[in-house]
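work-v2.tsv (TSV, C-alpha atoms) appears below.
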chain	number	residue	atom	x	y	z
A	1	MET	CA	20.82	13.54	72.92
A	2	THR	CA	22.30	13.04	69.47
A	3	PHE	CA	23.58	15.84	67.28
A	4	SER	CA	24.18	13.85	64.08
A	5	GLU	CA	21.68	15.88	62.04
A	6	LEU	CA	23.20	19.16	63.23
A	7	ILE	CA	26.64	17.83	62.33
A	8	SER	CA	25.51	16.94	58.80
A	9	ILE	CA	23.91	20.38	58.37
A	10	LEU	CA	27.06	22.14	59.58
A	11	GLU	CA	29.23	19.99	57.30
A	12	ALA	CA	27.11	21.00	54.30
A	13	GLN	CA	27.18	24.67	55.35
A	14	THR	CA	30.96	24.55	55.77
A	15	LYS	CA	31.44	23.02	52.31
A	16	LEU	CA	29.15	25.61	50.74
A	17	HIS	CA	30.93	28.49	52.49
A	18	GLU	CA	34.32	27.15	51.40
A	19	SER	CA	33.07	26.90	47.82
A	20	LEU	CA	31.66	30.43	48.08
A	21	TYR	CA	35.05	31.63	49.33
A	22	LYS	CA	36.74	30.06	46.28
A	23	LEU	CA	34.22	31.84	44.07
A	24	ALA	CA	35.05	35.12	45.82
A	25	GLN	CA	38.75	34.55	45.11
A	26	ARG	CA	37.97	33.86	41.44
A	27	LYS	CA	35.82	36.98	41.41
A	28	THR	CA	38.78	39.00	42.69
A	29	GLU	CA	40.91	37.76	39.79
A	30	ALA	CA	38.11	38.53	37.31
A	31	LEU	CA	37.84	42.06	38.73
A	32	LYS	CA	41.60	42.56	38.45
A	33	LYS	CA	41.54	41.39	34.81
A	34	ASN	CA	38.34	43.35	34.08
A	35	ASP	CA	36.76	40.14	32.74
A	36	ILE	CA	33.06	40.99	32.74
A	37	ASP	CA	31.85	37.68	31.27
A	38	THR	CA	33.60	35.63	33.94
A	39	LEU	CA	32.39	38.03	36.61
A	40	SER	CA	28.80	37.63	35.46
A	41	THR	CA	29.09	33.83	35.53
A	42	LEU	CA	30.63	33.93	39.00
A	43	ILE	CA	27.86	36.16	40.32
A	44	ASN	CA	25.25	33.67	39.08
A	45	GLU	CA	27.13	30.81	40.80
A	46	GLU	CA	27.38	32.91	43.94
A	47	GLN	CA	23.60	33.38	43.98
A	48	LYS	CA	23.09	29.61	43.79
A	49	HIS	CA	25.47	29.10	46.72
A	50	ILE	CA	23.73	31.76	48.79
A	51	PHE	CA	20.34	30.15	48.12
A	52	ALA	CA	21.64	26.73	49.23
A	53	ILE	CA	23.28	28.22	52.33
A	54	ARG	CA	20.01	29.91	53.22
A	55	GLN	CA	18.15	26.59	52.90
A	56	PHE	CA	20.62	24.81	55.20
A	57	GLU	CA	20.39	27.66	57.69
A	58	GLU	CA	16.61	27.28	57.73
A	59	ARG	CA	17.04	23.53	58.33
A	60	ARG	CA	19.46	24.24	61.18
A	61	VAL	CA	17.04	26.69	62.80
A	62	ARG	CA	14.14	24.19	62.46
A	63	TRP	CA	16.30	21.44	64.01
A	64	MET	CA	17.22	23.72	66.90
A	65	GLU	CA	13.57	24.64	67.47
A	66	THR	CA	12.40	21.01	67.49
A	67	THR	CA	15.31	19.77	69.59
A	68	PHE	CA	15.10	22.59	72.12
A	69	PRO	CA	11.43	23.58	72.45
A	70	ASN	CA	9.99	26.08	74.94
A	71	GLY	CA	11.74	29.02	73.28
A	72	GLN	CA	15.19	28.13	74.59
A	73	ASN	CA	17.78	30.16	72.74
A	74	VAL	CA	20.45	27.49	72.30
A	75	THR	CA	23.67	28.27	70.44
A	76	ILE	CA	26.16	25.97	68.72
A	77	THR	CA	28.48	26.52	71.68
A	78	ARG	CA	25.78	25.21	74.03
A	79	CYS	CA	25.24	22.20	71.73
A	80	ILE	CA	28.97	21.47	71.92
A	81	GLU	CA	28.70	21.47	75.72
A	82	LEU	CA	25.70	19.12	75.65
A	83	ALA	CA	27.11	16.64	73.10
A	84	ASP	CA	28.95	13.43	73.97
A	85	GLU	CA	32.72	13.39	73.55
A	86	MET	CA	32.83	12.14	69.94
A	87	GLU	CA	30.14	14.52	68.70
A	88	ARG	CA	31.59	17.34	70.79
A	89	GLU	CA	34.88	17.14	68.92
A	90	LYS	CA	33.14	17.08	65.53
A	91	LEU	CA	30.88	20.00	66.43
A	92	ALA	CA	33.78	22.05	67.80
A	93	ASN	CA	35.88	21.45	64.68
A	94	LEU	CA	32.99	22.29	62.36
A	95	TYR	CA	32.16	25.43	64.33
A	96	LYS	CA	35.79	26.58	64.21
A	97	GLN	CA	36.16	25.75	60.52
A	98	LEU	CA	32.91	27.50	59.60
A	99	ALA	CA	33.82	30.61	61.60
A	100	GLU	CA	37.25	30.80	59.94
A	101	THR	CA	35.79	30.33	56.46
A	102	ILE	CA	33.19	33.03	57.05
A	103	ALA	CA	35.92	35.42	58.26
A	104	GLN	CA	37.97	34.72	55.11
A	105	LEU	CA	34.88	35.19	52.97
A	106	LYS	CA	34.19	38.56	54.58
A	107	GLN	CA	37.76	39.69	53.82
A	108	ALA	CA	37.52	38.54	50.21
A	109	ASN	CA	34.18	40.28	49.77
A	110	GLU	CA	35.58	43.49	51.27
A	111	LEU	CA	38.49	43.36	48.80
A	112	ASN	CA	36.05	42.80	45.91
A	113	LYS	CA	33.95	45.72	47.12
A	114	GLN	CA	37.03	47.98	47.12
A	115	LEU	CA	38.02	46.81	43.64
A	116	LEU	CA	34.53	47.54	42.33
A	117	GLU	CA	34.53	51.00	43.91
A	118	GLN	CA	37.90	51.77	42.33
A	119	SER	CA	36.60	50.61	38.95
A	120	LEU	CA	33.54	52.82	39.29
A	121	GLN	CA	35.72	55.79	40.24
A	122	PHE	CA	37.90	55.18	37.19
A	123	VAL	CA	34.90	54.94	34.86
A	124	SER	CA	33.44	58.09	36.38
A	125	ALA	CA	36.73	59.95	35.95
A	126	MET	CA	36.98	58.81	32.34
A	127	LEU	CA	33.42	59.96	31.62
A	128	ASP	CA	34.15	63.33	33.21
A	129	ALA	CA	37.26	63.67	31.06
A	130	VAL	CA	35.46	62.74	27.84
A	131	MET	CA	32.33	64.79	28.43
A	132	PRO	CA	32.98	68.46	29.16
A	133	SER	CA	31.18	70.17	31.96
A	134	ALA	CA	27.75	71.40	30.88
A	135	GLN	CA	28.36	74.81	32.43
A	136	PRO	CA	31.95	76.03	32.39
A	137	ILE	CA	32.84	78.68	34.88
A	138	THR	CA	33.61	81.94	33.05
A	139	TYR	CA	34.20	85.51	34.12
A	140	ASN	CA	33.88	88.75	32.16
A	141	GLU	CA	36.26	91.73	32.09
A	142	THR	CA	35.04	93.05	35.47
A	143	ASN	CA	35.73	89.69	37.17
A	144	GLN	CA	32.03	89.04	37.62
A	145	TYR	CA	30.65	85.57	37.12
A	146	GLU	CA	28.99	85.33	33.76
A	147	GLU	CA	26.14	82.87	33.29
A	148	PRO	CA	27.06	80.65	30.30
A	149	ALA	CA	24.68	80.24	27.41
A	150	ASN	CA	22.92	76.89	27.17
A	151	ARG	CA	25.09	74.68	24.98
A	152	SER	CA	24.82	71.07	24.06
A	153	ILE	CA	27.66	68.63	24.63
A	154	PHE	CA	28.41	68.66	20.92
A	155	GLU	CA	29.29	71.94	19.33
A	156	SER	CA	28.27	72.00	15.71
A	157	LYS	CA	27.59	74.73	13.19
A	158	VAL	CA	24.98	74.41	10.50

Can you give me the file's structure in the form of structure tokens?
Amino acid sequence: MTFSELISILEAQTKLHESLYKLAQRKTEALKKNDIDTLSTLINEEQKHIFAIRQFEERRVRWMETTFPNGQNVTITRCIELADEMEREKLANLYKQLAETIAQLKQANELNKQLLEQSLQFVSAMLDAVMPSAQPITYNETNQYEEPANRSIFESKV
């Protein structure tokens, strides 16, 4: 049994994941610099990479289904065991490299998620500081809560 097609699919997936990881690193820098234009461009590139990765994953699944019919649930690890020595080494290296790249990508995406959340918290805090509360808490002389009159954000006299 030959695994050359699986090897080529995994090579392409590995390259795409590595490129996606580099995009995630660039996205981190854009987030740190608050560069919205670059961030937008990177997100578009990221979508293209994800689409291509999805296509290769579909190819890999189809290859597995045609190579191992009868509903056998065969993993890459099982393919490594079944391959001849030369293909076994290639498959094992690709599997390891892909797993490491995906782990790095997950870390980078988690960092980007945290940076985005911090940015949103900052924007929210700034909006709260600029726009006063619609209903300030006030008390009267008897220390009873007094319902404030409806006021707009802008106080103006005509």

Measure the distance from CA of Leu82 (chain A) to CA of His17 (chain A) in Å and round it to one decimal.
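Computing it gives 25.5 Å between the two atoms.
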
Residue with smallest distance to Ser4 (chain A) - pool A:Val74, A:Ile43, A:Ala108, A:Cys79, counting all atoms listed in the file
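Going through A:Val74, A:Ile43, A:Ala108, A:Cys79 one by one, the smallest distance to Ser4 (chain A) is for A:Cys79.
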
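Using only C-alpha atoms, the smallest distance between any of A:Ile76, A:Ala12, A:Leu91, A:Leu116 and Leu39 (chain A) comes from A:Leu116.
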
Of the residues A:Thr67, A:Arg60, A:Ser8, A:Ile36, which is the one nearest to Ser119 (chain A), using only C-alpha atoms?
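The shortest atom-to-atom distance to Ser119 (chain A) comes from A:Ile36.
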
Between CA of Thr75 (chain A) and CA of Lys15 (chain A), what is the distance in Å, rounded to a tenth?
20.4 Å

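Note that the spacing between CA of Ala52 (chain A) and CA of Leu10 (chain A) amounts to 12.6 Å.
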
Return the single residue from A:Glu29, A:Glu110, A:Glu5, A:Glu11 that is closest to Asn93 (chain A), with distances computed using only C-alpha atoms.
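When distances to Asn93 (chain A) are compared using only C-alpha atoms, the smallest one comes from A:Glu11.
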
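Counting only C-alpha atoms, Gln107 (chain A) has the following residues at most 12 Å away, ignoring those fewer than 4 positions along the same chain: Tyr21, Ala24, Gln25, Thr28, Glu100, Thr101, Ile102, Ala103, Leu111, Asn112, Lys113 and Gln114 of chain A.
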
With a distance cut-off of 12 Å and all atoms listed in the file, select the neighbouring residues of Thr77 (chain A), excluding the residue or stretch itself and same-chain residues fewer than 6 positions from it, and output the selection as an NGL selection string.
:A and (83 or 88-89 or 91-96)

Box dimensions and centre (Å, one decimal) enclosing region 59-74 of chain A, axis-aligned, 6 Å extra per side, as AutoDock Vina command-line options:
--center_x 15.2 --center_y 25.0 --center_z 66.6 --size_x 22.5 --size_y 22.4 --size_z 28.6
